[in-house]
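J.: Below is a structure I'd like to ask you about.
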Amino acid sequence: MTAKPFYVTTAISYPNGAPHIGHAYEMIATDAIARWKRLEGREVYFLTGTDEHGIKMAQTATKEGIPVRELADRNAGEFQRLAQVLNLSNDDFIRTTEPRHHRASQAIWKKMAENPDGDIFQSTYKGWYSVRDEAYFDAGELTEKDGKHYAPSGAEVEWVEEPGYFFRLSAYQQKLLDLYEANPDFIAPKERRNEVISFVRSGLQDLSISRTTFDWGIPVPDAPGHVMYVWVDALTNYITGLGYPDTASELFRKFWPADLHVIGKDIIRFHTVYWPAFLMSAGLPVQHRVFAHGFLTVEGQKMSKSLGNVIDPFHLVETFGADAVRYFFLREVSFGNDGDYSHEKLVNRVNADLANNLGNLAQRSLSMINKNCEGRVPEIGALTDADEGLIAEVGQALEAAQKAMDQQLVHEATGALIGALSSANNYFAGQEPWALKKTDPARMANVLYVTVDTVRRLAIPMLAFVPASAARLLDQLGIPVERRTLADAGKVNGLASGAELPAPQGVFARLEKPAE
Ligand code: ME8
């Protein structure tokens, strides 16, 4: 166990609409990672929030006929509510319209401008811009159809000619390549790393970082009429959240550089090329790692308003409960790859793993203890090979889960734990404690002890994934909150024989597939 602090962030979402399940997915996965690190005993700071400037926000507000601040306030509130209903353990929620963020963005801008290499300079941008992506594109990246031009995302691009400020990104090509080389874990998964390296190797253009044709942004210091390109301020949120520009603050000193930025695969260039270059230019240490997760589709199709298949995460949580929704995404989607959502898959997965596998085992062993052992943790005697086998397997599963979580492979971690639970179910069925009741009560007690201690050891790591239900389960085992760490899960026979247990109650209800 290490006490090293851990700083983890999600991307900050555009509040130009209500949150969808892609947003929920990123929040859930990042929360699982944050909770796991806390279970390791590390001090964690977990930041999420909303990215409220830019043309996309301004245009959406115009379309809806409301002031852009009203649009931002309304939807930022929904993102905050989503964090609550998903039971996120975030330490802060940042909105880029807050004064603290304006201060931080202007401060980093000034640092970049003061860089002796002249990292910020004035010129005129002539090129393509995609409002939906809030990104510039080279002609070579676009496709053309009926005289219109489209970005790789499918969003239409517009031609822009505008005087403004530029960031000398071209000067960072070698420094970035050196950074990737020296830090093989900087970008995950590996395929993404290769893509970024070949993009940077192919040559970097200087980046236009201010706009003059609209004013919904953070003013460029000492440059009336210029607002910052939204990505300059957006990326800065990660240090605003720690108190930047006060680099002497406790939070900043403890948590910067970030251990991990969790983002979607569409915004990897911003996080692995622009952001480290801005940080280097401003004389700040670069983050340790960026993990790009995949995209979610719904029943095999891309989510879109026109297809009418956008899934409302609030509705999902109301229907199935936060832990079921969390578990589904954490187990079903291989982290780093694309994933697919359907109600049916969620119901099947949750019923198989949580209701049948974990819930039934806990319920059956605990109700036998309640009836046959005076509701107290049974005595444990000499262990048989079967007992030892299960105990060893649980130990291996915990190690495998830790190894997977060290790489953010959340689906592998949940898989390892559920695999051990299946073995525990087989063990329970094979030992037939109900038959031992008459023939060998001491052995029955032993089997029940080994079973509930296994439930304890596996419920502790499950706190990262299904925090509310795993906590209820540990309450039923009488485990005090301070004994719920991964180090405790590693200890065998951690239940105190004779300790009184509360009356058992079901923890994971079986789900019904909702009517369409
Ligand atoms: O990109 N499946 O905001 P955003 C999975 N403001 N993830 C998805 C997704 C989907 N279908 N759709 C979006 C932005 N995401 C910027 C980020 S960070 C300094 C600024 C992910 O609201 C997306 O990849 O478009 C991103 O990580 C996050 O949701 C917010 O997306």
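Each chain in the structure tokens gets a letter, A, B, ..., in the order shown, and its residues are numbered from 1; ligands are numbered from 1 in order too.
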I'd like the neighbourhood of segment 321-325 of chain A as a list in words, where a residue qualifies if any of its atoms comes within 8 Å (using only C-alpha atoms), though same-chain residues fewer than 3 positions away should be ignored.
T.: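 Surrounding residues, per the criterion: Val85, Leu86, Asn87, Leu316, Val317, Glu318, Phe328, Phe329, Leu346, Val350, Phe465, Val466, Pro467, Ala468 and Ser469 of chain A.
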J.: What residues of the protein or nucleic acid chains come within 9 Å of ligand 1 when you use only C-alpha atoms and all ligand atoms? Reply as number ranges by chain.
T.: A: 10-17, 19-27, 49-53, 132-134, 230-238, 262-268, 270-271, 275, 292-298, 302-303, 338-339
J.: Going by DSSP on the backbone, which residues of segment 365-459 of chain A come out as alpha helix (DSSP H)? List them as a PyMOL selection string.
T.: chain A and resi 365-372+385-406+410-431+433-439+441-459
J.: For the residues selected in the previous step, produce a file with C-alpha atoms as a CSV table (one decimal), in the first residue's frame.
T.:
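Output file out.csv follows:
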```csv
chain,number,residue,atom,x,y,z
A,365,SER,CA,-25.2,-18.2,3.8
A,366,LEU,CA,-26.4,-15.4,6.1
A,367,SER,CA,-29.8,-16.9,6.5
A,368,MET,CA,-28.3,-20.3,7.5
A,369,ILE,CA,-26.1,-18.5,10.0
A,370,ASN,CA,-29.2,-16.6,11.3
A,371,LYS,CA,-31.1,-19.9,11.8
A,372,ASN,CA,-28.4,-22.3,12.8
A,385,ASP,CA,-8.5,-28.6,0.8
A,386,ALA,CA,-11.8,-27.3,-0.6
A,387,ASP,CA,-11.7,-24.4,1.9
A,388,GLU,CA,-8.1,-23.7,1.2
A,389,GLY,CA,-8.7,-23.8,-2.6
A,390,LEU,CA,-11.5,-21.2,-2.4
A,391,ILE,CA,-9.5,-19.0,-0.1
A,392,ALA,CA,-6.5,-19.1,-2.5
A,393,GLU,CA,-8.7,-18.4,-5.5
A,394,VAL,CA,-10.2,-15.3,-3.8
A,395,GLY,CA,-6.6,-14.1,-3.1
A,396,GLN,CA,-5.7,-14.5,-6.7
A,397,ALA,CA,-8.8,-12.7,-7.9
A,398,LEU,CA,-8.0,-9.8,-5.6
A,399,GLU,CA,-4.5,-9.6,-7.0
A,400,ALA,CA,-5.8,-9.9,-10.6
A,401,ALA,CA,-8.3,-7.1,-9.9
A,402,GLN,CA,-5.6,-4.9,-8.5
A,403,LYS,CA,-3.4,-5.5,-11.5
A,404,ALA,CA,-6.3,-4.7,-13.8
A,405,MET,CA,-7.1,-1.5,-11.9
A,406,ASP,CA,-3.5,-0.4,-12.1
A,410,VAL,CA,-12.2,-1.9,-14.9
A,411,HIS,CA,-14.1,-4.6,-16.8
A,412,GLU,CA,-11.2,-7.1,-16.0
A,413,ALA,CA,-11.3,-6.2,-12.4
A,414,THR,CA,-15.0,-6.7,-12.1
A,415,GLY,CA,-14.7,-9.9,-14.1
A,416,ALA,CA,-12.0,-11.3,-11.7
A,417,LEU,CA,-14.2,-10.6,-8.7
A,418,ILE,CA,-17.3,-12.2,-10.3
A,419,GLY,CA,-15.3,-15.2,-11.3
A,420,ALA,CA,-14.2,-15.8,-7.7
A,421,LEU,CA,-17.9,-15.4,-6.7
A,422,SER,CA,-18.9,-18.2,-9.1
A,423,SER,CA,-16.3,-20.4,-7.5
A,424,ALA,CA,-17.7,-19.5,-4.1
A,425,ASN,CA,-21.1,-20.5,-5.3
A,426,ASN,CA,-19.8,-23.8,-6.5
A,427,TYR,CA,-18.0,-24.4,-3.3
A,428,PHE,CA,-21.2,-23.7,-1.3
A,429,ALA,CA,-23.3,-26.0,-3.5
A,430,GLY,CA,-20.6,-28.7,-3.3
A,431,GLN,CA,-20.2,-28.6,0.5
A,433,PRO,CA,-23.9,-27.0,4.5
A,434,TRP,CA,-27.7,-27.7,4.8
A,435,ALA,CA,-26.9,-31.4,4.8
A,436,LEU,CA,-24.1,-31.0,7.3
A,437,LYS,CA,-26.5,-29.5,9.8
A,438,LYS,CA,-27.4,-32.9,11.2
A,439,THR,CA,-24.4,-35.0,10.3
A,441,PRO,CA,-22.5,-29.2,12.6
A,442,ALA,CA,-18.9,-28.2,13.3
A,443,ARG,CA,-18.1,-28.7,9.6
A,444,MET,CA,-21.3,-26.8,8.6
A,445,ALA,CA,-20.1,-23.9,10.7
A,446,ASN,CA,-16.7,-24.0,9.0
A,447,VAL,CA,-18.3,-23.9,5.5
A,448,LEU,CA,-20.5,-21.0,6.5
A,449,TYR,CA,-17.5,-19.2,7.9
A,450,VAL,CA,-15.4,-19.6,4.8
A,451,THR,CA,-18.4,-18.6,2.7
A,452,VAL,CA,-19.2,-15.4,4.5
A,453,ASP,CA,-15.6,-14.4,4.8
A,454,THR,CA,-15.3,-14.8,1.0
A,455,VAL,CA,-18.3,-12.6,0.6
A,456,ARG,CA,-16.6,-10.0,2.9
A,457,ARG,CA,-13.3,-10.2,0.9
A,458,LEU,CA,-15.1,-9.7,-2.4
A,459,ALA,CA,-17.7,-7.1,-1.2
```
J.: Separation of atom CA of Phe335 of chain A and atom CA of Glu195 of chain A, in Å?
T.: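 Between these atoms lies a distance of 17.8 Å.
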J.: Give me the residues within 10 Å of Arg38 of chain A as a PDB file with N, CA and C atoms, in the first residue's frame, counting only C-alpha atoms and dropping any in the same chain fewer than 6 places off.
T.:
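Generated file (result.pdb):
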```pdb
ATOM      1  N   ALA A   3       0.854   5.623   0.151  1.00  0.00           N
ATOM      2  CA  ALA A   3       0.031   6.753   0.567  1.00  0.00           C
ATOM      3  C   ALA A   3       0.083   7.881  -0.461  1.00  0.00           C
ATOM      4  N   PRO A   5      -0.710  10.548  -2.999  1.00  0.00           N
ATOM      5  CA  PRO A   5      -2.011  11.097  -3.395  1.00  0.00           C
ATOM      6  C   PRO A   5      -2.320  10.798  -4.861  1.00  0.00           C
ATOM      7  N   PHE A   6      -3.576  10.825  -5.200  1.00  0.00           N
ATOM      8  CA  PHE A   6      -4.003  10.464  -6.560  1.00  0.00           C
ATOM      9  C   PHE A   6      -5.027  11.483  -7.034  1.00  0.00           C
ATOM     10  N   ALA A  32     -15.345   4.840 -10.337  1.00  0.00           N
ATOM     11  CA  ALA A  32     -14.876   3.518  -9.895  1.00  0.00           C
ATOM     12  C   ALA A  32     -13.368   3.547  -9.648  1.00  0.00           C
ATOM     13  N   VAL A  44      -7.344  10.783  -2.406  1.00  0.00           N
ATOM     14  CA  VAL A  44      -7.781  10.979  -3.787  1.00  0.00           C
ATOM     15  C   VAL A  44      -8.466  12.326  -3.937  1.00  0.00           C
ATOM     16  N   TYR A  45      -8.201  12.989  -5.043  1.00  0.00           N
ATOM     17  CA  TYR A  45      -8.982  14.160  -5.421  1.00  0.00           C
ATOM     18  C   TYR A  45      -9.580  13.877  -6.779  1.00  0.00           C
ATOM     19  N   ALA A 464     -16.027  -0.162  -4.908  1.00  0.00           N
ATOM     20  CA  ALA A 464     -15.626   0.774  -5.962  1.00  0.00           C
ATOM     21  C   ALA A 464     -16.665   0.828  -7.076  1.00  0.00           C
ATOM     22  N   THR A 485     -11.007  -1.834   3.581  1.00  0.00           N
ATOM     23  CA  THR A 485      -9.943  -1.428   2.656  1.00  0.00           C
ATOM     24  C   THR A 485      -9.472  -2.667   1.908  1.00  0.00           C
ATOM     25  N   LEU A 486      -8.724  -2.443   0.836  1.00  0.00           N
ATOM     26  CA  LEU A 486      -8.209  -3.589   0.086  1.00  0.00           C
ATOM     27  C   LEU A 486      -7.240  -4.403   0.925  1.00  0.00           C
TER      28      LEU A 486
END
```
J.: Which is closer to Ile28 of chain A than all the others in A:Ala151, A:Val290, A:Leu82, A:Ala509, using only C-alpha atoms?
T.: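 Among A:Ala151, A:Val290, A:Leu82, A:Ala509, it is A:Leu82 that comes nearest to Ile28 of chain A.
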J.: Using only C-alpha atoms, find the one residue out of A:Tyr165, A:Lys305, A:Gly203, A:Glu374 that sits nearest to Asp138 of chain A.
T.: A:Gly203
